[in-house]
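Raw contents of upload13.tsv, TSV, C-alpha atoms:
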```
chain	number	residue	atom	x	y	z
A	1	MET	CA	0.00	0.00	0.00
A	2	ASN	CA	1.47	3.37	-0.96
A	3	ASP	CA	1.22	6.47	1.24
A	4	LYS	CA	-1.69	7.90	-0.73
A	5	GLN	CA	-3.81	4.84	-0.02
A	6	ILE	CA	-3.43	4.90	3.77
A	7	ALA	CA	-6.02	7.61	4.49
A	8	LEU	CA	-8.48	6.03	2.05
A	9	ASP	CA	-8.04	2.58	3.57
A	10	TYR	CA	-8.51	3.91	7.10
A	11	ALA	CA	-11.61	5.88	6.06
A	12	LYS	CA	-13.16	2.76	4.50
A	13	ARG	CA	-12.50	0.72	7.62
A	14	LEU	CA	-14.14	3.29	9.88
A	15	ILE	CA	-17.13	3.89	7.61
A	16	ALA	CA	-17.78	0.14	7.47
A	17	CYS	CA	-18.61	0.22	11.19
A	18	ALA	CA	-22.26	1.20	11.68
A	19	SER	CA	-21.53	3.58	14.55
A	20	ILE	CA	-24.83	5.43	14.94
A	21	THR	CA	-24.66	7.66	18.00
A	22	PRO	CA	-23.81	6.66	20.68
A	23	ALA	CA	-21.03	4.62	19.07
A	24	THR	CA	-19.44	1.67	20.81
A	25	GLY	CA	-17.45	-1.44	20.03
A	26	ASP	CA	-16.21	-2.23	16.53
A	27	VAL	CA	-15.41	1.29	15.35
A	28	PHE	CA	-13.24	1.91	18.41
A	29	ALA	CA	-11.53	-1.44	17.92
A	30	GLU	CA	-10.68	-0.43	14.35
A	31	LEU	CA	-9.14	2.86	15.44
A	32	GLU	CA	-7.23	1.15	18.24
A	33	ALA	CA	-5.82	-1.33	15.71
A	34	MET	CA	-4.61	1.57	13.56
A	35	LEU	CA	-2.93	3.41	16.43
A	36	GLU	CA	-1.17	0.69	18.41
A	37	PRO	CA	1.34	-0.17	15.62
A	38	LEU	CA	2.27	3.52	15.56
A	39	GLY	CA	3.39	3.39	19.20
A	40	PHE	CA	0.27	4.81	20.88
A	41	ASP	CA	-0.89	3.84	24.35
A	42	VAL	CA	-4.64	3.43	23.79
A	43	THR	CA	-7.23	3.61	26.57
A	44	ARG	CA	-10.89	2.86	25.93
A	45	PHE	CA	-13.50	3.38	28.64
A	46	VAL	CA	-17.25	3.67	29.07
A	47	SER	CA	-18.86	6.54	30.98
A	48	GLY	CA	-22.33	7.45	32.17
A	49	GLU	CA	-25.71	5.87	32.59
A	50	ALA	CA	-29.09	6.18	30.89
A	51	PRO	CA	-30.65	8.29	29.54
A	52	ASP	CA	-27.52	10.08	28.20
A	53	GLY	CA	-25.15	7.13	28.56
A	54	PRO	CA	-23.40	4.80	28.55
A	55	VAL	CA	-20.85	6.27	26.11
A	56	GLU	CA	-17.58	4.77	24.88
A	57	ASN	CA	-14.52	7.02	24.60
A	58	LEU	CA	-10.92	6.58	23.48
A	59	PHE	CA	-7.79	8.41	24.55
A	60	ALA	CA	-4.53	7.56	22.80
A	61	ILE	CA	-1.17	9.14	23.54
A	62	ARG	CA	2.40	8.75	22.24
A	63	SER	CA	5.43	10.43	23.79
A	64	PRO	CA	9.15	10.24	23.00
A	65	LYS	CA	10.72	7.06	24.37
A	66	THR	CA	13.66	8.95	25.79
A	67	GLY	CA	14.18	12.47	27.08
A	68	GLU	CA	11.56	15.12	27.71
A	69	PRO	CA	7.99	14.71	26.41
A	70	GLY	CA	8.21	18.03	24.56
A	71	ARG	CA	5.13	19.92	23.47
A	72	HIS	CA	1.82	18.07	23.47
A	73	PHE	CA	-0.41	18.37	20.40
A	74	ALA	CA	-3.88	16.80	20.43
A	75	PHE	CA	-6.36	15.88	17.74
A	76	ALA	CA	-9.99	15.58	18.81
A	77	GLY	CA	-12.96	14.06	17.06
A	78	HIS	CA	-15.88	11.67	17.16
A	79	LEU	CA	-16.58	8.25	15.71
A	80	ASP	CA	-20.36	8.38	16.13
A	81	VAL	CA	-22.57	9.39	13.20
A	82	VAL	CA	-26.17	10.51	12.75
A	83	PRO	CA	-28.68	7.92	11.51
A	84	PRO	CA	-28.31	7.50	7.72
A	85	GLY	CA	-31.98	7.86	6.78
A	86	GLU	CA	-33.68	6.24	3.79
A	87	GLY	CA	-32.91	6.80	0.12
A	88	TRP	CA	-29.16	6.23	-0.27
A	89	HIS	CA	-27.88	5.04	-3.65
A	90	SER	CA	-25.63	2.54	-1.84
A	91	ASP	CA	-25.46	1.02	1.63
A	92	PRO	CA	-24.43	3.91	3.95
A	93	PHE	CA	-22.13	1.59	5.91
A	94	THR	CA	-20.56	-0.11	2.91
A	95	PRO	CA	-17.90	2.35	1.69
A	96	GLU	CA	-18.14	2.75	-2.07
A	97	ILE	CA	-16.08	4.77	-4.53
A	98	ARG	CA	-18.01	6.22	-7.45
A	99	GLY	CA	-15.96	8.47	-9.67
A	100	ASP	CA	-13.70	10.59	-7.50
A	101	LEU	CA	-15.83	10.32	-4.37
A	102	LEU	CA	-15.95	7.93	-1.42
A	103	TYR	CA	-19.53	7.46	-0.22
A	104	GLY	CA	-20.64	6.41	3.26
A	105	ARG	CA	-22.09	7.80	6.46
A	106	GLY	CA	-19.32	9.61	8.31
A	107	ALA	CA	-17.18	10.17	5.21
A	108	VAL	CA	-16.83	13.86	6.08
A	109	ASP	CA	-18.36	14.06	9.57
A	110	MET	CA	-15.94	12.95	10.67
A	111	LYS	CA	-14.39	9.55	10.05
A	112	GLY	CA	-12.59	10.90	6.99
A	113	SER	CA	-10.63	13.46	8.98
A	114	ILE	CA	-9.79	10.94	11.70
A	115	ALA	CA	-8.48	8.62	8.98
A	116	SER	CA	-6.40	11.44	7.48
A	117	PHE	CA	-4.92	12.37	10.83
A	118	VAL	CA	-3.89	8.80	11.62
A	119	ALA	CA	-2.42	8.50	8.11
A	120	ALA	CA	-0.38	11.66	8.76
A	121	LEU	CA	1.15	10.05	11.86
A	122	HIS	CA	2.94	7.44	9.74
A	123	ASP	CA	5.45	10.11	8.72
A	124	ILE	CA	5.97	11.71	12.14
A	125	PRO	CA	8.73	10.13	14.26
A	126	GLN	CA	7.94	9.30	17.88
A	127	ASP	CA	10.70	11.55	19.22
A	128	ALA	CA	9.11	14.63	17.61
A	129	GLY	CA	6.99	15.28	20.70
A	130	THR	CA	3.81	14.17	22.43
A	131	ILE	CA	0.71	13.49	20.30
A	132	SER	CA	-2.69	12.41	21.52
A	133	LEU	CA	-6.12	11.61	20.09
A	134	ILE	CA	-9.26	12.55	22.03
A	135	ILE	CA	-12.07	10.53	20.45
A	136	THR	CA	-15.66	10.20	21.65
A	137	GLY	CA	-18.63	8.13	20.58
A	138	ASP	CA	-21.20	10.76	21.52
A	139	GLU	CA	-20.69	14.09	19.79
A	140	GLU	CA	-23.83	13.81	17.66
A	141	GLY	CA	-25.94	12.91	20.70
A	142	PRO	CA	-26.38	14.52	24.13
A	143	ALA	CA	-22.57	14.91	24.52
A	144	VAL	CA	-22.84	14.56	28.29
A	145	TYR	CA	-20.48	11.63	28.84
A	146	GLY	CA	-18.24	12.07	25.80
A	147	THR	CA	-15.57	14.75	25.52
A	148	ARG	CA	-16.29	16.01	29.01
A	149	ALA	CA	-15.45	12.56	30.41
A	150	LEU	CA	-12.31	12.50	28.25
A	151	ILE	CA	-11.23	15.84	29.72
A	152	ASP	CA	-11.69	14.41	33.23
A	153	HIS	CA	-9.58	11.41	32.18
A	154	MET	CA	-6.79	13.64	30.86
A	155	GLN	CA	-6.80	15.81	33.97
A	156	GLU	CA	-6.52	12.74	36.19
A	157	ARG	CA	-3.54	11.50	34.14
A	158	GLY	CA	-1.91	14.94	33.86
A	159	THR	CA	-2.00	14.79	30.05
A	160	ILE	CA	-3.57	18.15	29.15
A	161	PRO	CA	-2.39	19.19	25.66
A	162	ASP	CA	-0.70	22.47	24.82
A	163	LEU	CA	-2.67	22.85	21.57
A	164	CYS	CA	-5.69	21.04	20.14
A	165	LEU	CA	-7.15	20.64	16.66
A	166	VAL	CA	-10.72	19.37	16.22
A	167	GLY	CA	-11.25	17.66	12.88
A	168	GLU	CA	-14.79	18.88	12.20
A	169	PRO	CA	-15.68	19.46	8.52
A	170	THR	CA	-15.13	23.23	8.36
A	171	SER	CA	-14.28	23.68	4.68
A	172	VAL	CA	-17.10	25.11	2.57
A	173	LYS	CA	-16.42	25.21	-1.18
A	174	GLN	CA	-12.95	23.68	-1.27
A	175	LEU	CA	-10.60	22.05	1.18
A	176	GLY	CA	-8.88	24.66	3.29
A	177	ASP	CA	-11.09	27.68	2.70
A	178	MET	CA	-12.29	27.98	6.32
A	179	VAL	CA	-10.95	27.38	9.83
A	180	LYS	CA	-13.16	27.78	12.90
A	181	ILE	CA	-11.56	29.70	15.77
A	182	GLY	CA	-14.70	29.86	17.88
A	183	ARG	CA	-18.35	28.94	18.11
A	184	ARG	CA	-21.46	30.54	19.48
A	185	GLY	CA	-23.05	29.10	22.60
A	186	SER	CA	-26.41	27.37	22.64
A	187	VAL	CA	-29.25	27.34	25.16
A	188	ASN	CA	-32.76	25.90	24.88
A	189	MET	CA	-35.63	27.09	27.06
A	190	TRP	CA	-39.08	25.67	27.70
A	191	ILE	CA	-41.68	28.27	28.67
A	192	SER	CA	-44.98	27.25	30.23
A	193	VAL	CA	-48.07	29.06	31.45
A	194	ASP	CA	-50.70	27.41	33.64
A	195	GLY	CA	-54.34	28.43	33.59
A	196	THR	CA	-57.70	26.98	34.53
A	197	GLN	CA	-59.56	24.70	32.15
A	198	GLY	CA	-63.16	25.63	31.34
A	199	HIS	CA	-65.91	25.93	28.76
A	200	VAL	CA	-65.41	28.62	26.12
A	201	ALA	CA	-68.94	29.84	26.71
A	202	TYR	CA	-68.07	30.63	30.32
A	203	PRO	CA	-64.69	32.35	30.10
A	204	HIS	CA	-65.20	34.05	33.48
A	205	MET	CA	-65.03	30.61	35.06
A	206	ALA	CA	-61.70	29.73	33.39
A	207	ASP	CA	-58.26	31.22	32.93
A	208	ASN	CA	-56.88	30.91	29.39
A	209	PRO	CA	-53.07	30.50	29.42
A	210	ILE	CA	-52.63	31.06	25.67
A	211	PRO	CA	-52.91	34.89	25.58
A	212	LYS	CA	-50.38	35.11	28.41
A	213	LEU	CA	-47.97	32.85	26.57
A	214	VAL	CA	-48.41	34.83	23.35
A	215	ARG	CA	-47.55	38.04	25.19
A	216	ILE	CA	-44.46	36.44	26.71
A	217	LEU	CA	-43.31	35.22	23.30
A	218	ALA	CA	-43.94	38.64	21.76
A	219	ALA	CA	-41.77	40.23	24.44
A	220	ILE	CA	-39.04	37.69	23.82
A	221	ASP	CA	-39.24	38.24	20.08
A	222	ASP	CA	-38.68	41.98	20.65
A	223	ILE	CA	-35.37	41.39	22.45
A	224	VAL	CA	-32.19	42.47	20.65
A	225	LEU	CA	-29.40	40.72	22.51
A	226	ASP	CA	-26.51	42.49	20.75
A	227	ASN	CA	-25.24	43.69	17.38
A	228	GLY	CA	-22.40	41.19	17.09
A	229	THR	CA	-18.68	41.57	17.72
A	230	ASP	CA	-15.51	41.65	15.67
A	231	TRP	CA	-15.56	37.84	15.45
A	232	PHE	CA	-19.19	36.89	16.09
A	233	GLN	CA	-22.48	37.54	14.36
A	234	PRO	CA	-25.35	38.91	16.49
A	235	SER	CA	-26.88	36.56	19.03
A	236	ASN	CA	-30.42	35.43	18.21
A	237	ILE	CA	-33.42	33.94	20.00
A	238	GLU	CA	-35.75	31.79	17.90
A	239	ILE	CA	-39.16	30.44	18.91
A	240	THR	CA	-39.05	26.81	17.80
A	241	ASP	CA	-42.23	25.18	19.15
A	242	LEU	CA	-45.73	25.90	20.46
A	243	ASN	CA	-47.86	23.28	22.16
A	244	VAL	CA	-51.29	23.40	23.76
A	245	GLY	CA	-52.44	19.82	23.13
A	246	ASN	CA	-56.10	20.74	23.06
A	247	PRO	CA	-58.21	18.55	20.72
A	248	ALA	CA	-61.53	20.17	21.73
A	249	HIS	CA	-62.77	23.35	20.03
A	250	ASN	CA	-64.98	24.35	22.97
A	251	VAL	CA	-62.54	23.95	25.84
A	252	ILE	CA	-60.20	26.56	27.25
A	253	PRO	CA	-56.98	24.61	27.94
A	254	LYS	CA	-55.26	24.32	31.29
A	255	ARG	CA	-51.69	24.74	30.04
A	256	ALA	CA	-49.76	26.27	27.12
A	257	GLU	CA	-46.08	25.66	26.36
A	258	ALA	CA	-43.42	26.96	23.99
A	259	ARG	CA	-39.75	26.35	23.30
A	260	THR	CA	-37.01	28.74	22.27
A	261	SER	CA	-33.47	28.16	21.03
A	262	THR	CA	-30.80	30.82	21.48
A	263	ARG	CA	-27.39	30.98	19.82
A	264	PHE	CA	-25.22	33.54	21.56
A	265	ASN	CA	-21.77	35.05	21.21
A	266	ASP	CA	-19.16	35.69	23.89
A	267	LEU	CA	-20.92	38.80	25.17
A	268	HIS	CA	-23.24	36.47	27.08
A	269	THR	CA	-23.32	33.31	29.16
A	270	GLY	CA	-25.97	30.65	29.06
A	271	ALA	CA	-26.88	31.14	32.73
A	272	GLU	CA	-27.30	34.90	32.22
A	273	LEU	CA	-29.69	34.36	29.31
A	274	VAL	CA	-31.77	31.79	31.20
A	275	GLU	CA	-32.06	34.21	34.12
A	276	ARG	CA	-33.10	37.07	31.82
A	277	ILE	CA	-35.87	35.09	30.10
A	278	THR	CA	-36.98	33.56	33.42
A	279	ASN	CA	-37.42	37.01	34.98
A	280	LEU	CA	-39.37	38.22	31.95
A	281	ALA	CA	-41.66	35.18	31.85
A	282	GLU	CA	-42.32	35.06	35.58
A	283	ALA	CA	-43.29	38.75	35.59
A	284	MET	CA	-45.93	37.90	32.97
A	285	GLY	CA	-47.28	34.75	34.60
A	286	GLY	CA	-45.06	32.04	33.12
A	287	SER	CA	-42.23	29.75	34.16
A	288	VAL	CA	-39.01	28.69	32.41
A	289	LYS	CA	-36.74	25.65	32.30
A	290	GLY	CA	-33.41	26.27	30.58
A	291	ILE	CA	-30.67	23.88	29.46
A	292	VAL	CA	-27.31	25.26	28.33
A	293	SER	CA	-25.77	23.02	25.67
A	294	GLY	CA	-22.51	24.94	25.55
A	295	GLU	CA	-20.94	28.33	26.11
A	296	ALA	CA	-19.51	30.52	23.39
A	297	PHE	CA	-15.75	30.38	22.98
A	298	LEU	CA	-13.11	32.18	20.96
A	299	THR	CA	-9.47	31.28	20.37
A	300	PRO	CA	-8.16	34.69	19.26
A	301	PRO	CA	-5.93	34.65	16.17
A	302	GLY	CA	-2.44	33.69	17.26
A	303	GLU	CA	0.03	30.82	17.22
A	304	LEU	CA	-2.43	27.98	16.65
A	305	SER	CA	-4.55	29.59	13.93
A	306	THR	CA	-1.38	30.85	12.23
A	307	LEU	CA	0.32	27.46	12.02
A	308	VAL	CA	-2.93	25.85	10.78
A	309	SER	CA	-3.37	28.59	8.16
A	310	ASN	CA	0.26	28.31	7.07
A	311	ALA	CA	-0.05	24.53	6.64
A	312	ILE	CA	-3.20	24.92	4.56
A	313	GLU	CA	-1.69	27.62	2.37
A	314	ALA	CA	1.50	25.60	1.82
A	315	GLU	CA	-0.48	22.62	0.52
A	316	THR	CA	-3.42	24.28	-1.27
A	317	GLY	CA	-2.37	27.85	-2.00
A	318	ILE	CA	-5.47	29.02	-0.11
A	319	LEU	CA	-5.34	31.39	2.85
A	320	PRO	CA	-8.32	30.23	4.94
A	321	GLU	CA	-10.99	32.46	6.38
A	322	LEU	CA	-11.03	32.45	10.19
A	323	SER	CA	-14.66	32.06	11.22
A	324	THR	CA	-17.00	31.45	14.16
A	325	SER	CA	-20.02	30.51	12.03
A	326	GLY	CA	-22.10	27.35	12.26
A	327	GLY	CA	-23.41	25.26	15.10
A	328	THR	CA	-21.73	23.95	18.21
A	329	SER	CA	-19.04	21.27	18.46
A	330	ASP	CA	-17.06	19.57	21.20
A	331	ALA	CA	-14.46	22.30	20.84
A	332	ARG	CA	-16.67	24.20	23.30
A	333	PHE	CA	-15.50	21.80	26.03
A	334	LEU	CA	-11.88	21.52	24.94
A	335	SER	CA	-11.50	25.31	24.82
A	336	GLN	CA	-11.69	25.28	28.62
A	337	ILE	CA	-8.35	23.44	28.93
A	338	CYS	CA	-6.21	24.66	26.01
A	339	PRO	CA	-6.24	26.71	22.79
A	340	VAL	CA	-8.37	24.94	20.17
A	341	VAL	CA	-9.35	25.48	16.55
A	342	GLU	CA	-11.31	23.34	14.10
A	343	PHE	CA	-10.31	22.31	10.60
A	344	GLY	CA	-11.40	19.48	8.36
A	345	LEU	CA	-13.06	18.35	5.15
A	346	CYS	CA	-15.74	20.03	3.03
A	347	ASN	CA	-19.06	20.03	4.83
A	348	ALA	CA	-21.51	20.15	1.91
A	349	THR	CA	-22.81	16.60	2.41
A	350	MET	CA	-22.57	16.15	6.19
A	351	HIS	CA	-25.75	14.67	7.71
A	352	LYS	CA	-27.22	14.31	4.20
A	353	LEU	CA	-28.12	11.30	2.10
A	354	ASP	CA	-25.18	10.02	0.05
A	355	GLU	CA	-22.58	11.71	2.26
A	356	ALA	CA	-19.31	11.69	0.34
A	357	VAL	CA	-15.72	12.91	0.43
A	358	ALA	CA	-13.37	13.53	-2.47
A	359	VAL	CA	-10.69	10.83	-2.32
A	360	GLN	CA	-8.06	13.43	-3.22
A	361	ASP	CA	-9.11	15.53	-0.23
A	362	LEU	CA	-8.34	12.67	2.17
A	363	ASP	CA	-4.76	12.58	0.92
A	364	ARG	CA	-4.35	16.35	0.93
A	365	LEU	CA	-5.82	16.64	4.40
A	366	ALA	CA	-3.31	14.07	5.68
A	367	VAL	CA	-0.48	16.19	4.29
A	368	ILE	CA	-1.91	19.35	5.87
A	369	TYR	CA	-2.35	17.60	9.23
A	370	LYS	CA	1.25	16.40	9.08
A	371	ARG	CA	2.45	19.98	8.46
A	372	ILE	CA	0.34	21.22	11.39
A	373	VAL	CA	1.66	18.60	13.82
A	374	VAL	CA	5.29	19.11	12.83
A	375	ALA	CA	4.97	22.90	13.21
A	376	ALA	CA	3.10	22.59	16.51
A	377	LEU	CA	5.74	20.29	18.02
A	378	ALA	CA	8.73	22.23	16.70
```

Using structure tokens, write down the structure from this file.
Amino acid sequence: MNDKQIALDYAKRLIACASITPATGDVFAELEAMLEPLGFDVTRFVSGEAPDGPVENLFAIRSPKTGEPGRHFAFAGHLDVVPPGEGWHSDPFTPEIRGDLLYGRGAVDMKGSIASFVAALHDIPQDAGTISLIITGDEEGPAVYGTRALIDHMQERGTIPDLCLVGEPTSVKQLGDMVKIGRRGSVNMWISVDGTQGHVAYPHMADNPIPKLVRILAAIDDIVLDNGTDWFQPSNIEITDLNVGNPAHNVIPKRAEARTSTRFNDLHTGAELVERITNLAEAMGGSVKGIVSGEAFLTPPGELSTLVSNAIEAETGILPELSTSGGTSDARFLSQICPVVEFGLCNATMHKLDEAVAVQDLDRLAVIYKRIVVAALA
């Protein structure tokens, strides 16, 4: 097998494992089998209980055999994938090359980038420095017992990296055109208003919760959280669900509920936003339950983004855009322990039917990852 086939072979092996979130078992065994011959100490463990667990995780680390461990560079990612859905032109878990593309669930999000990173390690000597892989089976799911449990594991072992790259598919139109240096935070809130059920002909004997809820939602919709920052777009609150559950046309319901989803920049915290909406709703007769999925984070342009950008430009001739766009990722957890940026394959087909990656991009990404690691450990 020549060097240009390594990333492709690894990607096929990972795609062939039907690792719908939360992933366990075979897909981790495949990755372990790839890493151990390269000198990595691989630890696999299961964390958590139902309903958000159990979750399998993998931490692999390789340090110089002699002398000081040097700088520690980490690659983070996930082996779990979203359900494939119906309507694929080929089996989503049977990797298939058609033309210049490799098809299969996880090809770009993100088994392909994991495969490329492991392929890059073949050309990096063990004495170059410390390298680790932080791999979860639950990024696409609740993400409660995944990367957070891996961070606890690293802290217990004293193996916190100096720099971290998350292999999420950040490229848009061509490989290397975008690197993520931050992400907005996310918080969901459930707003409820209780009333008194009654007959619509006797409204004085009932208390309709719907008008109160509508007024609360109107007040929320009028909120302008901010106008954005140098690196972030404006924060936004979106009303995503309304539910009364009243099948009868002549009954005033007892309860009305709504849900909002907020994506916020680093001018806010999730707890602050929950408190603000709770105070507003309670003043108007409602109540709120809020769950913060993740806080906003920003790794300001500096050493890490520069060495990633330089590696991309050296291989592709493209100077990437530094962005904070898109949804959340596990980088939101890793940013709490070290500088982190995200860079990976083109994201046009992620989560879609017939997810596919250009075979050439797997090879080029492996070269870029090698350049990044070598520069980071220098």

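Across the model, the gap from CA of Leu79 in chain A to CA of Leu353 in chain A is 18.1 Å.
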
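Counting all atoms listed in the file, the residue from A:Gln233, A:Gln174, A:Thr328, A:Ser192 that sits nearest to Pro211 in chain A is A:Ser192.
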
Quick one: residues within 7 Å of Val244 in chain A, all atoms listed in the file, excluding same-chain residues fewer than 2 positions away - as a PyMOL selection string?
chain A and resi 242+246+255-257

Can you work out the spacing between CA of Glu342 in chain A and CA of Asp177 in chain A in Å, to one decimal?
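So the answer is 12.2 Å.
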
Nearest to Phe59 in chain A, chosen from A:Pro37, A:Pro209, A:Gly176, A:Gly146, with all atoms listed in the file counted in the distances
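Among the listed residues, the smallest separation from Phe59 in chain A belongs to A:Gly146.
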
Ranking A:Leu298, A:Val193, A:Cys164, A:Ala281 by minimum distance to Arg71 in chain A and counting only C-alpha atoms, which one comes first?
A:Cys164

Tell me, as a PyMOL selection string, which residues lie within 8 Å of range 331-335 of chain A, counting only C-alpha atoms; anything in the same chain fewer than 6 positions away does not count.
chain A and resi 147-148+151+164+166+183+294-297+299+341-342

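Residue nearest Ser293 in chain A, chosen from A:Gly137, A:Gly129, A:Pro253, A:Gly185 and counting only C-alpha atoms: A:Gly185.
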
Excluding same-chain residues fewer than 3 positions from range 112-128 of chain A, what lies within 6 Å of it counting only C-alpha atoms, as a count of residues only?
11

Find the residues with any atom within 9 Å of (-0.7, 3.4, 20.9); use all atoms listed in the file and the coordinates as given in the file, and write the answer as a ChimeraX atom specification.
/A:32-43,60-62

When you look at Val292 in chain A with a cut-off of 8 Å (counting all atoms listed in the file), what residues show up, excluding the ones that are within fewer than 6 positions of it in the same chain? I need them as a PyMOL selection string.
chain A and resi 186-188+270-271

Which polymer residues have any atom within 10 Å of an atom of Leu163 in chain A, counting only C-alpha atoms, with same-chain residues fewer than 5 positions away left out, as a ChimeraX atom specification?
/A:71-75,303-304,334-335,337-341,373,376-377

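Ranking A:Asp109, A:Glu275, A:Asp138, A:Asp226 by their shortest atom-to-atom distance to Val46 in chain A, with all atoms listed in the file included, puts A:Asp138 first.
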
For Val55 in chain A, which of A:Thr240, A:Ser287, A:Gln5, A:Thr24 is the closest residue, counting all atoms listed in the file?
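Using all atoms listed in the file, Val55 in chain A sits closest to A:Thr24.
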